[in-house]
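Since the structure comes first, as structure tokens, the remarks are kept for the end.
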Amino acid sequence: MGAPLLLALSEGHHEVSTSVTLLFTGLLVALIVSLALEEKIHAKKSLIVGVYAIVALFLGIVFEVVPGSVPVHIGGETLTLPIYIPSIDWGVIAIILGSSLFVDVTSKSGLFTWIAIKLTKASAGDPRKLLWFYGLMTVVFSAVLNNVTAMIIVGSLTGVSLRKLGRAELMLGFLLVEGLLTNIGGLLTLISSVPNIIVGTAAGISFVSFFIAAAPFVTAATALTIWMGAKLFKIPSLQTDEERTQALEQVESFDENDGIESAGFFKFATAMLVAFILVIATTSVLPVIKELGMGYVALTFAAIMLIRYKSSVDTYYRAVDWDLLGFFAALFVVIGVMEHAQVLAMIGSGLEVIIGWGDVAGTGAILIASAVASSVTDNIPLAAMLAKILSSLGTASDSPLWWSVVFGANLGGNLTPIGSASTLVAVTIMHKNDLKVSFAGFVKKAVPYAAVQLVIAVAYVLLFL
Amino acid sequence: MTQVDQFESVFRAASKPVFHPAAVELERVLVVTDLPPSEAEAFGQRIEAFLRHATSVESATFTTIAGVEARSTGQLLQLVEDSAPSLVCAYRNLFSDGWKWPHSLGEALDLLTQTTEAPVLVLPNPKEGSEAEHALQNVNQVMAVTDHLAGDDRLVNWAVAMTQDQGTLTLSHVEDETVFERYVDIIGKIPSIDTDSARESIKARLLKEPRDYIESVREVLAKGGAPVSVQAEIRLGNHLSDYRAMVHDHEVDLLVLNTRDDEQLAMHGLAYPIAVELRNIPLLML
């Protein structure tokens with residue numbers, strides 16, 4: 001997948017005064033602060049970043065930082081487009097749009113709820129087993145779907161099943177562990193989270209290479225997190241036969257087939273999900289497909305699934321997270337302007353100093369700094385900015401620095417409740433279930449897990465990547 | 001967080017009440033009459049012959065009270081309490097000529113159904129002569145009646161216990177159409193809710209829950225080898241007219257229904273009108 005503007009424009013940089021660079025740096029800082037205060041100012045991300053994009057473009061033209069329009073060469077044709085059109089990485093937008101539509105329609109088949117209930121039954125109602133099963137399911141769903149959808153599915157089932165089992169007092173531990181695991185599962189594949197897509201594609205890492213590199217860490221971090229959760233939240237195993245019989249009876253009353261409206265569509269959706277994963281995994285080697293990229297694959301699979309609901313596709317269009325897509329589009333525009341205003345170059349020189357600390361200290365520091373930054377603001381602009389800077393520094397695709405950004409941007413979300421959209425969903429589900437968890441309360445409970453995850457992430461990146 | 005609600009709804013819907021069978025053992029059956037001793041004896045024997053068809057009554061002992069034994073309602077209640085029966089059998093408008101005006105169960109029945117621990121089998125008044133032709137012959141066709149069947153194990157267990165071998169147990173559930181239409185009417189005035197979709201979804205869900213529960217009853221009874229065939233009558237309609245039609249269509253021999261409501265002293269809302277109106281067959285009031 002390419003980033004047309006970023007390449008096209010990088011060839012045309014011109015001198016920018018320090019004062020102009022500082023002005024745009026101030027704008028970038030204001031944007032990051034505004035995103036961190038998203039909940040306080042009651043505004044959606046797309047609008048916040050959209051406003052900054054409008055201001056950045058306006059100032060960019062006024063200070064002659066960016067041109068109003070750029071020529072774009074397509075085949076033998078040359079088109080002149082407003083600067084904000086080619087600024088956007090449409091490949092990323094296509095992946096997110098296609099994947100979310102595909103997942104949304106697939107979930108209507110009842111497949112994900114079927115898996116979730118099957119696992120609940122397999123646990124026989126034993127809370128400790130249930131934590132392991134739900135934890136593993138969270139990781140797999142986060143990897144295959146996306147973090148937020150995974151948290152919504154597993155979190156809502158957790159509420160229902162623990163109440164049914166009369167174990168509502170364990171809900172906080174379950175939801176916290178699941179929230180933390182979404183960000184670990186989000187590390188598993190190239191398309192599991194947006195930072196992965198942005199950094200992975202910028203670095204030129206293939207889907208399979210990404211999976212092979214991330215899987216061992218994800219496995220170890222998952223096992224450790226669940227184990228810690230069971231210990232710290234004192235999640236018990238059932239002790240007596242009477243307890244086991246009662247719990248089994250409770251979970252057996254779940255009907256995994258209740259959400260399946262059509263057995264045929266269920267089977268079709270299962271086959272399509274497997275095919276989707278296979279095609280995405282092999283996109284880079286499939287003839288023709290590799291030219292069109294993962295966005296094309298995601299949109300194609302979405303279109304095939306939508307045929308099932310051909311008369312009501314508008315329902316699914318309405319369900320698309322337009323805030324997220326608008327956010328990305330605007331973000332790409334802001335970052336494009338920042339690049340031309342030499343803001344990224346300035347941050348890059350600071351980053352070069354850190355990288356200069358050496359392979360161990362530099363790589364570790366980038367990972368930790370990415371995590372800390374991601375914990376208080378959105379990890380997507382951070383990933384986009386760092387990916388751009390690392391690209392401009394000519395970082396090799398096998399450099400551990402890319403992985404520092406990927407691991408830091410994902411795991412930083414586990415430090416605070418606002419660190420990632422999925423932990424925010426976890427906290428919202430906690431509140432929905434009358435569990436009062438403050439910002440500080442969440443941090444206090446999450447920090448031991450996040451600290452352990454970051455320590456092993458640094459060790460893993462330094463030793464194996 | 002609409003999606004959280006959506007998935008919670010899916011999982012809540014997947015969590016279904018499952019029927020838990022429990023044996024109902026009847027040790028002592030007390031037949032209460034206001035008849036002279038000789039007629040009371042004959043009536044008692046007739047009721048015993050009728051009830052002996054039910055497997056749960058096979059080993060029960062029967063006692064009959066004649067009219068002379070209870071001079072007041074207080075005495076009657078005391079007699080019943082002293083007998084500690086597992087089942088009380090009495091007819092409507094006991095110790096009263098209220099049977100001439102078919103608008104009540106009578107004071108004695110009102111009190112018996114609400115104060116005794118044991119269920120009360122309400123029989124047609126022998127003086128009224130309104131018994132259905134098939135009434136009091138056997139318990140081949142038993143019907144359980146409720147407006148909230150899913151999870152009501154006690155009602156179903158009693159209904160199973162009162163059905164004879166190879167008999168048919170009809171589990172019925174009628175959702176009140178008037179109430180339903182009232183809610184749909186209100187939904188129709190809320191712009192954010194699609195009325196047609198809400199109507200269909202709510203109706204489907206209201207009727208699905210009892211259907212699933214009946215399926216569970218059927219499965220559990222078949223697994224346990226109970227020699228009873230279970231059929232379902234689930235609909236949206238008018239309680240009284242629909243139950244009357246069902247009783248007529250199935251030639252029901254015994255109707256089983258809940259009468260007690262922990263939150264009130266009076267009889268359960270659905271039970272009283274059914275008990276007053278369906279006068280020609282026995283009703284087991286739990």
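In the structure tokens, each chain is lettered A, B, ... as it comes, each chain's residues begin at 1, and ligands are numbered from 1 in order of appearance.
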Based on only C-alpha atoms, which of the residues in chain A come within 6 Å of chain B? I want them as a PyMOL selection string. chain A and resi 152+156+253-255+258
Surrounding residues of range 195-201 of chain B excluding itself and chain neighbours under 4 positions, 12 Å, only C-alpha atoms, as a ChimeraX atom specification: /B:177,180-191,205-208
Using C-alpha atoms, can you export the residues from the last selection as a PDB file, in the first residue's frame?
```pdb
ATOM      1  CA  GLU B 177     -52.954  -8.414  22.663  1.00  0.00           C
ATOM      2  CA  PHE B 180     -49.274  -5.293  23.288  1.00  0.00           C
ATOM      3  CA  GLU B 181     -51.171  -2.955  20.967  1.00  0.00           C
ATOM      4  CA  ARG B 182     -51.106  -0.241  23.608  1.00  0.00           C
ATOM      5  CA  TYR B 183     -47.293  -0.406  23.736  1.00  0.00           C
ATOM      6  CA  VAL B 184     -46.985  -0.531  19.959  1.00  0.00           C
ATOM      7  CA  ASP B 185     -49.253   2.504  19.799  1.00  0.00           C
ATOM      8  CA  ILE B 186     -46.897   4.357  22.147  1.00  0.00           C
ATOM      9  CA  ILE B 187     -43.853   3.170  20.178  1.00  0.00           C
ATOM     10  CA  GLY B 188     -45.565   4.550  17.075  1.00  0.00           C
ATOM     11  CA  LYS B 189     -45.352   7.992  18.653  1.00  0.00           C
ATOM     12  CA  ILE B 190     -41.595   7.787  19.302  1.00  0.00           C
ATOM     13  CA  PRO B 191     -39.731   8.957  16.181  1.00  0.00           C
ATOM     14  CA  ARG B 205     -39.458 -12.322  21.169  1.00  0.00           C
ATOM     15  CA  LEU B 206     -42.557 -12.477  23.395  1.00  0.00           C
ATOM     16  CA  LEU B 207     -43.677 -15.676  21.718  1.00  0.00           C
ATOM     17  CA  LYS B 208     -40.218 -17.203  21.344  1.00  0.00           C
TER      18      LYS B 208
END
```
Taking the chain letters and numbering used in this document, name the residues of range 87-234 of chain B that DSSP puts in strand (DSSP E), as a ChimeraX atom specification. /B:87-91,120-123,141-146,168-176,229-234
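DSSP on the backbone gives helix (DSSP H, G or I) for these parts of range 137-184 of chain B: Asp153, Arg154, Leu155, Val156, Asn157, Trp158, Ala159, Val160, Ala161, Glu177, Thr178, Val179, Phe180, Glu181, Arg182, Tyr183 and Val184 of chain B.
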Which is closer to Tyr52 in chain A than all the others in A:Leu462, A:Val455, A:Leu175, A:Val29, using only C-alpha atoms?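 Ranking A:Leu462, A:Val455, A:Leu175, A:Val29 by distance to Tyr52 in chain A, first place goes to A:Val29.
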By how many Å are CA of Ala263 in chain A and CA of Asn147 in chain A apart?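 Taking CA of Ala263 in chain A and CA of Asn147 in chain A, their separation equals 27.1 Å.
Non-sequential neighbours of range 96-111 of chain B (distance at most 9 Å, separation of 3 or more positions within a chain, only C-alpha atoms) are B:Asp34, B:Thr73, B:Leu76, B:Leu77, B:Ala90, B:Tyr91, B:Arg92, B:Asn93, B:Gln114, B:Thr115, B:Thr116, B:Val120, B:Val122, B:Asn125, B:Lys127, B:Glu128, B:Ala266, B:Met267, B:Tyr272, B:Pro273, B:Ala275, B:Val276, B:Glu277, B:Arg279.
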Can you tell me how far CA of Pro127 in chain A sits from CA of Lys164 in chain A, in Å to one decimal?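 So the two atoms, CA of Pro127 in chain A and CA of Lys164 in chain A, lie 12.0 Å apart.
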Please provide as a CSV table (one decimal) with N, CA and C atoms, in the first residue's frame all residues within 7 Å of Ala232 in chain B, with the sequence filter that same-chain residues fewer than 5 positions apart are discarded (counting only C-alpha atoms).
```
chain,number,residue,atom,x,y,z
B,170,THR,N,-51.0,-29.8,27.5
B,170,THR,CA,-50.9,-28.7,26.6
B,170,THR,C,-50.4,-27.5,27.5
B,171,LEU,N,-49.3,-27.0,27.1
B,171,LEU,CA,-48.7,-25.8,27.8
B,171,LEU,C,-49.1,-24.6,27.0
B,172,SER,N,-49.9,-23.7,27.6
B,172,SER,CA,-50.4,-22.6,26.9
B,172,SER,C,-49.8,-21.3,27.4
B,214,ILE,N,-41.0,-24.4,26.3
B,214,ILE,CA,-41.8,-25.7,26.1
B,214,ILE,C,-41.0,-26.7,25.4
```
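Among the candidates A:Leu187, A:Leu162, A:Leu170, A:Gly412, the one nearest to Phe141 in chain A when counting only C-alpha atoms is A:Leu187.
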Can you pull out every residue within 12 Å of Ala30 in chain A, counting only C-alpha atoms, but drop anything in the same chain fewer than 3 positions away, and send it as a list of chain:residue names?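 So the residues in contact are A:Leu23, A:Phe24, A:Thr25, A:Gly26, A:Leu27, A:Val33, A:Ser34, A:Leu35, A:Ala36, A:Leu37, A:Ile48, A:Val49, A:Val51, A:Tyr52, A:Val55, A:Ala56, A:Thr377.
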Contact residues around Leu411 in chain A with only C-alpha atoms at 8 Å, ignoring same-chain residues under 3 positions, as a ChimeraX atom specification: /A:183-184,371,407-408,414-415,450,453-454
